[in-house]
file target-v8.csv (CSV, C-alpha atoms)
chain,number,residue,atom,x,y,z
A,138,MET,CA,63.5,107.5,25.6
A,139,ARG,CA,63.3,103.7,25.4
A,140,LEU,CA,64.5,103.5,29.1
A,141,ARG,CA,61.7,105.9,30.1
A,142,ARG,CA,59.1,103.9,28.3
A,143,SER,CA,60.3,100.7,29.9
A,144,VAL,CA,60.2,102.2,33.4
A,145,ILE,CA,56.6,103.5,32.8
A,146,ALA,CA,55.5,100.0,31.5
A,147,LEU,CA,57.1,98.3,34.5
A,148,MET,CA,55.3,100.7,36.9
A,149,ALA,CA,52.0,100.0,35.2
A,150,VAL,CA,52.4,96.3,35.5
A,151,LEU,CA,53.4,96.6,39.2
A,152,GLY,CA,50.3,98.8,39.8
A,153,LEU,CA,48.0,96.3,38.3
A,154,ALA,CA,49.6,93.5,40.4
A,155,VAL,CA,48.9,95.5,43.6
A,156,VAL,CA,45.3,96.2,42.6
A,157,SER,CA,44.6,92.5,41.7
A,158,ALA,CA,46.2,91.0,44.8
A,159,CYS,CA,43.0,90.5,46.7
A,160,GLY,CA,44.8,88.7,49.5
A,161,GLY,CA,47.6,91.2,49.9
A,162,GLY,CA,49.7,91.3,53.1
A,163,ASP,CA,48.1,94.5,54.5
A,164,ASP,CA,44.3,94.7,54.8
A,165,LYS,CA,44.3,98.0,52.8
A,166,ALA,CA,47.0,97.0,50.3
A,167,SER,CA,44.6,96.3,47.5
A,168,GLY,CA,42.2,99.1,48.3
A,169,GLY,CA,41.4,102.1,46.2
A,170,ASP,CA,41.4,105.8,47.2
A,171,ASN,CA,38.9,105.1,50.0
A,172,GLY,CA,41.4,102.8,51.7
A,173,LEU,CA,39.1,99.9,51.6
A,174,GLN,CA,40.2,96.4,50.4
A,175,LYS,CA,38.5,95.4,47.2
A,176,VAL,CA,36.8,92.0,47.5
A,177,SER,CA,34.8,90.0,45.0
A,178,TYR,CA,31.9,87.9,46.1
A,179,LEU,CA,29.7,85.4,44.2
A,180,THR,CA,26.1,84.6,45.1
A,181,SER,CA,25.2,80.9,45.1
A,182,PHE,CA,23.0,81.1,42.1
A,183,ASN,CA,21.8,84.2,40.2
A,184,THR,CA,20.1,87.1,42.0
A,185,PHE,CA,17.1,85.5,43.6
A,186,GLY,CA,15.7,86.9,46.8
A,187,ARG,CA,17.4,84.1,48.8
A,188,GLU,CA,20.7,86.0,48.2
A,189,ALA,CA,19.5,89.2,49.9
A,190,TYR,CA,21.7,89.0,53.0
A,191,ALA,CA,24.8,90.0,51.0
A,192,TYR,CA,23.1,93.1,49.6
A,193,VAL,CA,22.0,94.0,53.1
A,194,ALA,CA,25.6,93.8,54.4
A,195,LEU,CA,26.6,96.0,51.5
A,196,ASP,CA,23.8,98.5,51.9
A,197,LYS,CA,24.0,98.9,55.6
A,198,GLY,CA,27.8,99.4,55.5
A,199,TYR,CA,28.7,96.2,57.3
A,200,PHE,CA,31.3,95.4,54.7
A,201,LYS,CA,32.7,98.9,54.7
A,202,ASP,CA,32.9,99.0,58.5
A,203,ALA,CA,35.0,95.8,58.2
A,204,GLY,CA,37.3,97.5,55.8
A,205,PHE,CA,36.0,96.0,52.5
A,206,ASP,CA,34.8,97.4,49.2
A,207,VAL,CA,32.7,94.4,48.0
A,208,LYS,CA,31.6,93.7,44.5
A,209,ILE,CA,28.7,91.2,44.4
A,210,THR,CA,28.4,89.1,41.2
A,211,PRO,CA,25.7,86.5,40.4
A,212,GLY,CA,27.1,82.9,40.8
A,213,SER,CA,26.0,80.0,38.6
A,214,GLY,CA,25.9,77.1,41.0
A,215,THR,CA,28.2,75.5,43.6
A,216,VAL,CA,30.7,73.8,41.4
A,217,ASP,CA,31.3,76.9,39.2
A,218,VAL,CA,31.5,79.1,42.4
A,219,MET,CA,34.2,76.7,43.8
A,220,LYS,CA,36.2,76.8,40.5
A,221,LEU,CA,36.1,80.6,40.3
A,222,VAL,CA,37.1,81.1,43.9
A,223,ALA,CA,39.9,78.4,43.5
A,224,GLY,CA,41.2,80.2,40.3
A,225,GLY,CA,41.3,83.6,42.0
A,226,GLN,CA,38.5,85.2,40.0
A,227,ALA,CA,36.6,85.7,43.2
A,228,ASP,CA,37.6,85.9,46.9
A,229,TYR,CA,34.4,84.5,48.5
A,230,GLY,CA,31.4,82.7,47.3
A,231,ILE,CA,28.3,80.7,48.4
A,232,GLY,CA,27.5,77.1,47.6
A,233,ASP,CA,25.7,74.1,48.9
A,234,PHE,CA,27.8,72.3,51.5
A,235,THR,CA,27.0,68.7,50.4
A,236,ALA,CA,27.8,69.5,46.8
A,237,PHE,CA,30.9,71.2,48.0
A,238,ALA,CA,32.0,68.1,49.9
A,239,ILE,CA,31.3,65.7,47.0
A,240,THR,CA,33.1,68.0,44.6
A,241,LEU,CA,36.2,68.2,46.8
A,242,ALA,CA,36.3,64.4,47.2
A,243,LYS,CA,36.5,64.2,43.4
A,244,GLN,CA,38.8,67.2,42.7
A,245,LYS,CA,41.3,68.7,45.1
A,246,LEU,CA,40.5,72.4,44.6
A,247,PRO,CA,42.2,74.9,46.9
A,248,VAL,CA,39.0,76.1,48.6
A,249,THR,CA,37.6,75.8,52.1
A,250,SER,CA,34.4,76.4,54.0
A,251,VAL,CA,34.4,78.9,56.9
A,252,GLY,CA,30.8,79.0,58.1
A,253,MET,CA,27.2,78.0,57.2
A,254,ILE,CA,24.4,80.1,55.9
A,255,HIS,CA,21.8,77.4,56.4
A,256,GLN,CA,21.7,74.9,59.2
A,257,ARG,CA,19.4,72.6,57.1
A,258,SER,CA,19.7,71.7,53.5
A,259,MET,CA,17.2,73.6,51.2
A,260,ALA,CA,17.4,71.0,48.4
A,261,ALA,CA,14.1,69.5,47.4
A,262,ILE,CA,12.0,67.9,44.7
A,263,MET,CA,9.0,70.0,43.8
A,264,SER,CA,5.8,69.2,41.9
A,265,LEU,CA,2.3,70.5,41.3
A,266,GLU,CA,-1.0,69.0,42.5
A,267,GLY,CA,-2.3,66.5,39.9
A,268,LEU,CA,1.1,65.5,38.4
A,269,GLY,CA,1.3,62.3,40.4
A,270,ILE,CA,3.9,63.2,43.1
A,271,ASN,CA,2.5,63.8,46.6
A,272,THR,CA,5.0,61.8,48.7
A,273,PRO,CA,8.5,60.4,48.2
A,274,LYS,CA,7.0,56.9,47.5
A,275,ASP,CA,5.4,58.4,44.3
A,276,LEU,CA,8.8,59.3,42.8
A,277,PRO,CA,9.7,55.9,41.1
A,278,GLY,CA,8.9,56.0,37.4
A,279,LYS,CA,8.7,59.8,37.3
A,280,THR,CA,10.7,62.3,35.3
A,281,ILE,CA,12.4,65.2,37.2
A,282,GLY,CA,13.7,68.3,35.4
A,283,ASP,CA,17.0,69.6,36.7
A,284,GLN,CA,20.3,71.1,35.7
A,285,PRO,CA,23.0,68.3,35.3
A,286,GLY,CA,25.3,68.3,38.4
A,287,SER,CA,22.9,70.4,40.5
A,288,THR,CA,22.8,70.0,44.2
A,289,ASN,CA,19.4,68.4,44.0
A,290,THR,CA,20.6,65.8,41.5
A,291,VAL,CA,23.9,65.1,43.1
A,292,MET,CA,22.2,64.6,46.5
A,293,PHE,CA,19.3,62.6,45.3
A,294,PRO,CA,20.8,59.1,46.1
A,295,VAL,CA,21.2,60.2,49.7
A,296,TYR,CA,17.5,61.3,49.8
A,297,ALA,CA,16.4,58.2,47.9
A,298,LYS,CA,18.1,55.9,50.5
A,299,ALA,CA,16.6,57.8,53.4
A,300,VAL,CA,13.0,57.4,52.0
A,301,GLY,CA,13.5,53.8,50.9
A,302,ILE,CA,13.4,54.0,47.1
A,303,ASP,CA,15.8,53.1,44.3
A,304,ALA,CA,17.5,56.3,43.1
A,305,LYS,CA,17.8,54.7,39.6
A,306,SER,CA,14.0,54.4,39.3
A,307,VAL,CA,13.7,58.1,38.9
A,308,THR,CA,14.7,59.8,35.6
A,309,PHE,CA,16.4,63.2,35.7
A,310,LEU,CA,15.9,65.2,32.5
A,311,PRO,CA,18.7,67.8,31.8
A,312,SER,CA,17.0,71.2,31.9
A,313,PRO,CA,18.3,74.8,32.2
A,314,PRO,CA,17.5,76.3,35.7
A,315,PRO,CA,15.7,79.5,34.6
A,316,GLY,CA,13.1,77.4,32.7
A,317,LEU,CA,12.4,74.8,35.4
A,318,PRO,CA,9.2,76.4,36.9
A,319,THR,CA,7.7,76.8,33.4
A,320,LEU,CA,8.7,73.3,32.5
A,321,LEU,CA,6.9,71.9,35.5
A,322,ALA,CA,3.8,74.1,35.0
A,323,SER,CA,3.6,72.8,31.4
A,324,GLY,CA,3.4,69.2,32.6
A,325,LYS,CA,6.3,68.0,30.5
A,326,VAL,CA,7.9,66.7,33.7
A,327,GLN,CA,6.3,65.5,36.9
A,328,GLY,CA,8.8,67.3,39.2
A,329,ILE,CA,11.8,69.5,39.2
A,330,GLY,CA,14.9,69.9,41.4
A,331,GLN,CA,14.6,73.1,43.3
A,332,PHE,CA,15.5,74.7,46.6
A,333,VAL,CA,12.6,74.9,49.0
A,334,VAL,CA,12.5,78.7,48.6
A,335,GLY,CA,11.5,78.2,45.0
A,336,GLU,CA,7.9,77.7,45.9
A,337,PRO,CA,6.8,81.3,45.1
A,338,LEU,CA,8.5,81.1,41.7
A,339,ILE,CA,6.7,77.9,40.9
A,340,ALA,CA,3.4,79.3,42.0
A,341,LYS,CA,4.0,82.4,39.8
A,342,ALA,CA,4.7,80.1,36.8
A,343,ASP,CA,1.5,78.3,37.4
A,344,LYS,CA,-0.7,81.4,38.1
A,345,GLU,CA,-3.2,80.4,35.4
A,346,LYS,CA,-4.1,77.1,37.1
A,347,HIS,CA,-3.3,78.0,40.7
A,348,ARG,CA,-2.4,74.4,41.6
A,349,LYS,CA,-0.9,73.6,45.0
A,350,VAL,CA,2.9,73.3,45.1
A,351,ILE,CA,4.1,70.0,46.4
A,352,THR,CA,7.5,70.1,48.1
A,353,LEU,CA,9.6,67.2,49.2
A,354,PRO,CA,12.5,68.7,51.2
A,355,TYR,CA,15.6,66.6,51.5
A,356,GLY,CA,16.3,68.1,54.9
A,357,ASP,CA,13.1,66.6,56.4
A,358,LYS,CA,14.5,63.1,55.8
A,359,VAL,CA,18.2,63.8,56.1
A,360,PRO,CA,18.3,66.5,58.9
A,361,ASP,CA,22.1,66.4,59.3
A,362,LEU,CA,22.8,68.0,55.9
A,363,TYR,CA,23.8,71.6,56.0
A,364,GLY,CA,22.6,74.0,53.4
A,365,ASN,CA,24.7,76.8,51.8
A,366,THR,CA,28.2,77.5,53.1
A,367,ILE,CA,30.7,80.4,52.8
A,368,ILE,CA,33.6,79.5,50.6
A,369,THR,CA,37.0,81.0,50.2
A,370,ARG,CA,40.5,80.0,49.0
A,371,THR,CA,42.6,77.9,51.3
A,372,ASP,CA,45.6,80.3,51.0
A,373,LEU,CA,43.4,83.3,52.0
A,374,ALA,CA,42.1,81.4,55.0
A,375,LYS,CA,45.7,80.3,56.0
A,376,ASP,CA,47.6,83.5,55.3
A,377,HIS,CA,45.0,86.1,56.1
A,378,PRO,CA,42.6,84.6,58.8
A,379,ASP,CA,41.7,88.0,60.2
A,380,GLN,CA,40.5,89.2,56.9
A,381,VAL,CA,38.3,86.1,56.4
A,382,LYS,CA,36.9,86.5,59.9
A,383,LYS,CA,36.0,90.1,59.3
A,384,PHE,CA,34.3,89.3,56.0
A,385,THR,CA,32.4,86.4,57.4
A,386,ASN,CA,31.2,88.4,60.4
A,387,ALA,CA,30.0,91.3,58.2
A,388,LEU,CA,28.2,88.9,55.9
A,389,LEU,CA,26.5,87.2,58.9
A,390,LYS,CA,25.4,90.6,60.2
A,391,GLY,CA,23.5,91.0,56.9
A,392,LEU,CA,22.1,87.4,57.4
A,393,GLN,CA,20.9,88.3,60.9
A,394,ASP,CA,19.1,91.4,59.6
A,395,THR,CA,17.5,89.3,56.8
A,396,LEU,CA,16.4,86.7,59.3
A,397,ASP,CA,14.8,89.4,61.5
A,398,ASP,CA,13.1,91.3,58.7
A,399,PRO,CA,12.7,89.5,55.4
A,400,ALA,CA,10.6,92.2,53.8
A,401,ALA,CA,13.1,94.9,54.5
A,402,ALA,CA,15.9,92.7,53.2
A,403,ALA,CA,14.0,92.1,50.0
A,404,ALA,CA,13.4,95.8,49.6
A,405,ILE,CA,17.1,96.5,50.0
A,406,MET,CA,18.1,93.9,47.4
A,407,LYS,CA,15.6,95.4,44.9
A,408,LYS,CA,17.6,98.6,45.0
A,409,TYR,CA,20.5,96.7,43.5
A,410,VAL,CA,18.5,94.3,41.3
A,411,PRO,CA,15.6,96.4,40.0
A,412,ASP,CA,13.9,93.7,37.9
A,413,MET,CA,13.5,91.4,40.9
A,414,ASP,CA,10.0,90.5,41.9
A,415,LEU,CA,9.7,92.0,45.4
A,416,ASP,CA,6.8,89.8,46.6
A,417,VAL,CA,8.4,86.6,45.4
A,418,ALA,CA,11.7,87.6,47.1
A,419,THR,CA,10.0,88.4,50.4
A,420,GLN,CA,8.2,85.1,50.3
A,421,GLU,CA,11.5,83.2,49.6
A,422,LEU,CA,13.2,84.9,52.6
A,423,LYS,CA,10.3,84.0,54.9
A,424,ILE,CA,10.6,80.4,53.9
A,425,MET,CA,14.4,80.5,54.4
A,426,GLN,CA,14.1,81.7,58.0
A,427,THR,CA,13.6,78.2,59.4
A,428,TYR,CA,16.6,76.9,57.4
A,429,ILE,CA,18.9,79.7,58.7
A,430,LYS,CA,17.8,79.1,62.3
A,431,PRO,CA,15.8,75.9,62.7
A,432,LYS,CA,13.7,75.2,65.8
A,433,ASN,CA,15.8,74.2,68.8
A,434,PHE,CA,19.0,75.5,67.2
A,435,ASP,CA,20.9,77.4,69.9
A,436,GLY,CA,24.3,77.8,68.2
A,437,PRO,CA,25.7,81.1,66.7
A,438,LEU,CA,24.6,82.1,63.2
A,439,GLY,CA,27.0,80.4,60.7
A,440,ASP,CA,27.7,77.6,63.2
A,441,VAL,CA,29.5,74.4,61.9
A,442,THR,CA,30.9,71.5,64.0
A,443,GLN,CA,33.5,68.9,63.2
A,444,GLU,CA,31.2,66.1,64.4
A,445,ARG,CA,28.4,67.0,62.1
A,446,VAL,CA,30.7,67.4,59.1
A,447,GLN,CA,32.0,63.9,59.8
A,448,LYS,CA,28.4,62.6,60.0
A,449,ILE,CA,27.7,64.1,56.6
A,450,ILE,CA,30.8,62.4,55.1
A,451,SER,CA,29.8,59.1,56.6
A,452,LEU,CA,26.2,59.5,55.3
A,453,LEU,CA,27.5,60.2,51.8
A,454,LYS,CA,29.7,57.1,51.9
A,455,GLU,CA,26.7,55.0,53.1
A,456,SER,CA,24.8,56.3,50.0
A,457,ASN,CA,27.6,54.9,47.8
A,458,ILE,CA,28.9,58.4,46.9
A,459,PRO,CA,32.7,58.2,46.4
A,460,MET,CA,34.3,60.3,49.2
A,461,GLY,CA,37.7,58.7,49.3
A,462,SER,CA,39.7,59.6,52.5
A,463,ILE,CA,38.4,63.1,52.8
A,464,ARG,CA,38.2,64.4,56.4
A,465,PRO,CA,36.3,67.3,58.0
A,466,ASP,CA,39.5,69.4,58.1
A,467,ASP,CA,39.7,69.0,54.3
A,468,LEU,CA,36.4,70.7,54.0
A,469,VAL,CA,36.2,73.3,56.8
A,470,THR,CA,38.7,75.6,58.4
A,471,MET,CA,37.2,75.2,61.9
A,472,SER,CA,39.4,77.9,63.5
A,473,LEU,CA,37.6,80.5,61.3
A,474,ALA,CA,34.0,79.3,61.8
A,475,PRO,CA,31.7,81.4,64.0
A,476,LYS,CA,32.0,80.7,67.7
A,477,SER,CA,29.4,81.1,70.5
call {"tool": "encode", "arguments": {"input": "target-v8.csv", "output": "structure tokens"}}
result
Amino acid sequence: MRLRRSVIALMAVLGLAVVSACGGGDDKASGGDNGLQKVSYLTSFNTFGREAYAYVALDKGYFKDAGFDVKITPGSGTVDVMKLVAGGQADYGIGDFTAFAITLAKQKLPVTSVGMIHQRSMAAIMSLEGLGINTPKDLPGKTIGDQPGSTNTVMFPVYAKAVGIDAKSVTFLPSPPPGLPTLLASGKVQGIGQFVVGEPLIAKADKEKHRKVITLPYGDKVPDLYGNTIITRTDLAKDHPDQVKKFTNALLKGLQDTLDDPAAAAAIMKKYVPDMDLDVATQELKIMQTYIKPKNFDGPLGDVTQERVQKIISLLKESNIPMGSIRPDDLVTMSLAPKS
């Protein structure tokens, strides 16, 4: 009887091991009854409209056609996404590339980038008309609300150098992300760290006064910076490159559809996130179009080059951000990046 129980227990443990091995040797090894491989994916931050492309890929069957059963979970910022992917709690995630590079220079996490979502950084400082910020030169002496360690805060020294101001002359007030638009509308801070697609959210928070939203995009002054990137574990990229390529291609199909029809993409996402504001999400995605595919950009969707990554590393070093001896190959698996 004891032997029978031991055998049953061993079989159960082995069964769990197979199910949890997301990077199993065979593409279908960790799949369920439908033969699809179970894959976990983290959005860059929460379930804002800007994340719609993943839901489009899910809804239109692009992931399924590639052999994946994908579970989408809200992320909580670049660094947390990196740590969860590195620890095996997720297979893929999205995060800002500059924050990704700065974090890897400090901490050697086993993660890599395999393609870009945005060809331009979406980081920005936002304000409202009448709060004293209209141009970058107005920033010294002002207080900016932002989450500690956020992309906007981490990258601010780079932006400050580009616009010719002292980064230390601006005070960043630690503030939880969900309350940033309301904090700004209340006038308790003069600006907030926010991605450019946050304009509709700020306008909604200020609907009683209807003040003009002032946006200072980092990408306007530092055009070489990428925006969000696709992140996976280094072992997955090394041992299962075909899986990574298939996943990336499926996700980018969803991104292309989102680029082509933002309203339809927002409507698809609302099926999965019912409490999402459809109008705000649609506006976010329309703003995002020029960051996914800027004017005069002729590369493939998701494009990343070694030369540009090196330029970003050099730019960060010039802004006195410690980057050590990190190289482009330490950040991006170029062989898996989309090709023309």
call {"tool": "closest_residue", "arguments": {"input": "target-v8.csv", "among": "A:Ala203, A:Val469, A:Met406, A:Ala236", "to": "Gln443 of chain A", "atoms": "only C-alpha atoms"}}
result
A:Val469
call {"tool": "closest_residue", "arguments": {"input": "target-v8.csv", "among": "A:Gly278, A:Gly230, A:Pro315, A:Gly267", "to": "His347 of chain A", "atoms": "only C-alpha atoms"}}
result
A:Gly267
call {"tool": "closest_atom_pairs", "arguments": {"input": "target-v8.csv", "of": "segment 251-338 of chain A", "to": "segment 180-189 of chain A", "cutoff": "10 Å", "atoms": "all atoms listed in the file", "output": "CSV"}}
result
residue,atom,partner,partner_atom,distance
A:Pro314,CA,A:Phe182,CA,9.7
A:Pro315,CA,A:Asn183,CA,9.5
A:Phe332,CA,A:Arg187,CA,9.8
A:Val334,CA,A:Arg187,CA,7.3
A:Gly335,CA,A:Arg187,CA,9.2
A:Leu338,CA,A:Phe185,CA,9.8
call {"tool": "residues_around", "arguments": {"input": "target-v8.csv", "residues": "Ile231 of chain A", "least_positions_apart": "2", "cutoff": "9 Å", "atoms": "all atoms listed in the file", "output": "ChimeraX atom specification"}}
result
/A:178-182,212,214-215,218-219,229,233-234,254,365-369
call {"tool": "residues_around", "arguments": {"input": "target-v8.csv", "residues": "segment 371-373 of chain A", "least_positions_apart": "5", "cutoff": "6 Å", "atoms": "all atoms listed in the file", "output": "PyMOL selection string"}}
result
chain A and resi 247-249
call {"tool": "closest_atom_pairs", "arguments": {"input": "target-v8.csv", "of": "segment 261-300 of chain A", "to": "segment 321-328 of chain A", "cutoff": "9 Å", "atoms": "all atoms listed in the file", "output": "JSON lines"}}
result
{"residue": "A:Ile262", "atom": "CA", "partner": "A:Gly328", "partner_atom": "CA", "distance": 6.4}
{"residue": "A:Met263", "atom": "CA", "partner": "A:Gly328", "partner_atom": "CA", "distance": 5.3}
{"residue": "A:Ser264", "atom": "CA", "partner": "A:Gly328", "partner_atom": "CA", "distance": 4.5}
{"residue": "A:Leu265", "atom": "CA", "partner": "A:Ala322", "partner_atom": "CA", "distance": 7.4}
{"residue": "A:Leu268", "atom": "CA", "partner": "A:Gln327", "partner_atom": "CA", "distance": 5.4}
{"residue": "A:Gly269", "atom": "CA", "partner": "A:Gln327", "partner_atom": "CA", "distance": 6.9}
{"residue": "A:Ile270", "atom": "CA", "partner": "A:Gln327", "partner_atom": "CA", "distance": 7.0}
{"residue": "A:Leu276", "atom": "CA", "partner": "A:Gly328", "partner_atom": "CA", "distance": 8.8}
{"residue": "A:Lys279", "atom": "CA", "partner": "A:Gln327", "partner_atom": "CA", "distance": 6.2}
{"residue": "A:Thr280", "atom": "CA", "partner": "A:Val326", "partner_atom": "CA", "distance": 5.5}
{"residue": "A:Ile281", "atom": "CA", "partner": "A:Gly328", "partner_atom": "CA", "distance": 4.6}
{"residue": "A:Gly282", "atom": "CA", "partner": "A:Val326", "partner_atom": "CA", "distance": 6.3}
{"residue": "A:Asp283", "atom": "CA", "partner": "A:Gly328", "partner_atom": "CA", "distance": 8.9}
call {"tool": "residues_around", "arguments": {"input": "target-v8.csv", "residues": "segment 349-355 of chain A", "least_positions_apart": "6", "cutoff": "10 Å", "atoms": "only C-alpha atoms", "output": "VMD selection string"}}
result
chain A and resid 257 to 268 270 to 273 289 292 to 293 295 to 297 299 to 300 328 to 337 339 to 340 343 362
call {"tool": "atom_distance", "arguments": {"input": "target-v8.csv", "atom1": "atom CA of Lys382 of chain A", "atom2": "atom CA of Ala418 of chain A"}}
result
28.3 Å
call {"tool": "closest_residue", "arguments": {"input": "target-v8.csv", "among": "A:Leu246, A:Leu241, A:Leu468, A:Lys201", "to": "Ala223 of chain A", "atoms": "all atoms listed in the file"}}
result
A:Leu246
call {"tool": "atom_distance", "arguments": {"input": "target-v8.csv", "atom1": "atom CA of Gly252 of chain A", "atom2": "atom CA of Ala474 of chain A"}}
result
4.9 Å
call {"tool": "atom_distance", "arguments": {"input": "target-v8.csv", "atom1": "atom CA of Asp217 of chain A", "atom2": "atom CA of Thr290 of chain A"}}
result
15.6 Å
call {"tool": "closest_residue", "arguments": {"input": "target-v8.csv", "among": "A:Ala402, A:Val446, A:Met425, A:Leu473", "to": "Asp361 of chain A", "atoms": "all atoms listed in the file"}}
result
A:Val446
call {"tool": "residues_around", "arguments": {"input": "target-v8.csv", "residues": "Asp202 of chain A", "least_positions_apart": "5", "cutoff": "10 Å", "atoms": "all atoms listed in the file", "output": "list in words"}}
result
Leu173, Ala194, Leu195, Lys197, Lys383 and Ala387 of chain A
call {"tool": "decode", "arguments": {"input": "target-v8.csv", "residues": "segment 390-431 of chain A", "atoms": "C-alpha atoms", "output": "PDB file, in the first residue's frame"}}
result
ATOM      1  CA  LYS A 390       0.769  40.573 -35.915  1.00  0.00           C
ATOM      2  CA  GLY A 391      -1.467  41.860 -33.144  1.00  0.00           C
ATOM      3  CA  LEU A 392       0.610  45.054 -33.061  1.00  0.00           C
ATOM      4  CA  GLN A 393       0.206  45.544 -36.826  1.00  0.00           C
ATOM      5  CA  ASP A 394      -3.577  45.178 -36.562  1.00  0.00           C
ATOM      6  CA  THR A 395      -3.587  47.650 -33.670  1.00  0.00           C
ATOM      7  CA  LEU A 396      -1.553  50.093 -35.735  1.00  0.00           C
ATOM      8  CA  ASP A 397      -3.979  49.718 -38.655  1.00  0.00           C
ATOM      9  CA  ASP A 398      -7.211  50.050 -36.650  1.00  0.00           C
ATOM     10  CA  PRO A 399      -6.859  51.445 -33.095  1.00  0.00           C
ATOM     11  CA  ALA A 400     -10.620  51.584 -32.479  1.00  0.00           C
ATOM     12  CA  ALA A 401     -11.094  47.916 -33.387  1.00  0.00           C
ATOM     13  CA  ALA A 402      -8.131  46.939 -31.192  1.00  0.00           C
ATOM     14  CA  ALA A 403      -9.588  48.848 -28.226  1.00  0.00           C
ATOM     15  CA  ALA A 404     -12.961  47.134 -28.763  1.00  0.00           C
ATOM     16  CA  ILE A 405     -11.266  43.726 -28.720  1.00  0.00           C
ATOM     17  CA  MET A 406      -9.420  44.539 -25.504  1.00  0.00           C
ATOM     18  CA  LYS A 407     -12.637  45.645 -23.816  1.00  0.00           C
ATOM     19  CA  LYS A 408     -13.996  42.111 -24.232  1.00  0.00           C
ATOM     20  CA  TYR A 409     -11.219  40.938 -21.920  1.00  0.00           C
ATOM     21  CA  VAL A 410     -11.077  44.043 -19.684  1.00  0.00           C
ATOM     22  CA  PRO A 411     -14.752  45.081 -19.338  1.00  0.00           C
ATOM     23  CA  ASP A 412     -14.158  48.048 -17.015  1.00  0.00           C
ATOM     24  CA  MET A 413     -11.778  49.690 -19.492  1.00  0.00           C
ATOM     25  CA  ASP A 414     -12.817  53.110 -20.835  1.00  0.00           C
ATOM     26  CA  LEU A 415     -13.206  52.416 -24.565  1.00  0.00           C
ATOM     27  CA  ASP A 416     -12.859  56.039 -25.678  1.00  0.00           C
ATOM     28  CA  VAL A 417      -9.717  56.637 -23.597  1.00  0.00           C
ATOM     29  CA  ALA A 418      -8.182  53.383 -24.853  1.00  0.00           C
ATOM     30  CA  THR A 419      -8.889  54.276 -28.472  1.00  0.00           C
ATOM     31  CA  GLN A 420      -7.304  57.692 -28.048  1.00  0.00           C
ATOM     32  CA  GLU A 421      -4.236  56.112 -26.404  1.00  0.00           C
ATOM     33  CA  LEU A 422      -3.762  53.770 -29.337  1.00  0.00           C
ATOM     34  CA  LYS A 423      -4.099  56.568 -31.872  1.00  0.00           C
ATOM     35  CA  ILE A 424      -1.369  58.526 -30.085  1.00  0.00           C
ATOM     36  CA  MET A 425       0.783  55.384 -29.986  1.00  0.00           C
ATOM     37  CA  GLN A 426       0.716  54.922 -33.776  1.00  0.00           C
ATOM     38  CA  THR A 427       3.569  57.359 -34.451  1.00  0.00           C
ATOM     39  CA  TYR A 428       5.692  55.688 -31.770  1.00  0.00           C
ATOM     40  CA  ILE A 429       5.215  52.215 -33.227  1.00  0.00           C
ATOM     41  CA  LYS A 430       6.009  53.434 -36.723  1.00  0.00           C
ATOM     42  CA  PRO A 431       7.450  56.967 -36.811  1.00  0.00           C
TER      43      PRO A 431
END
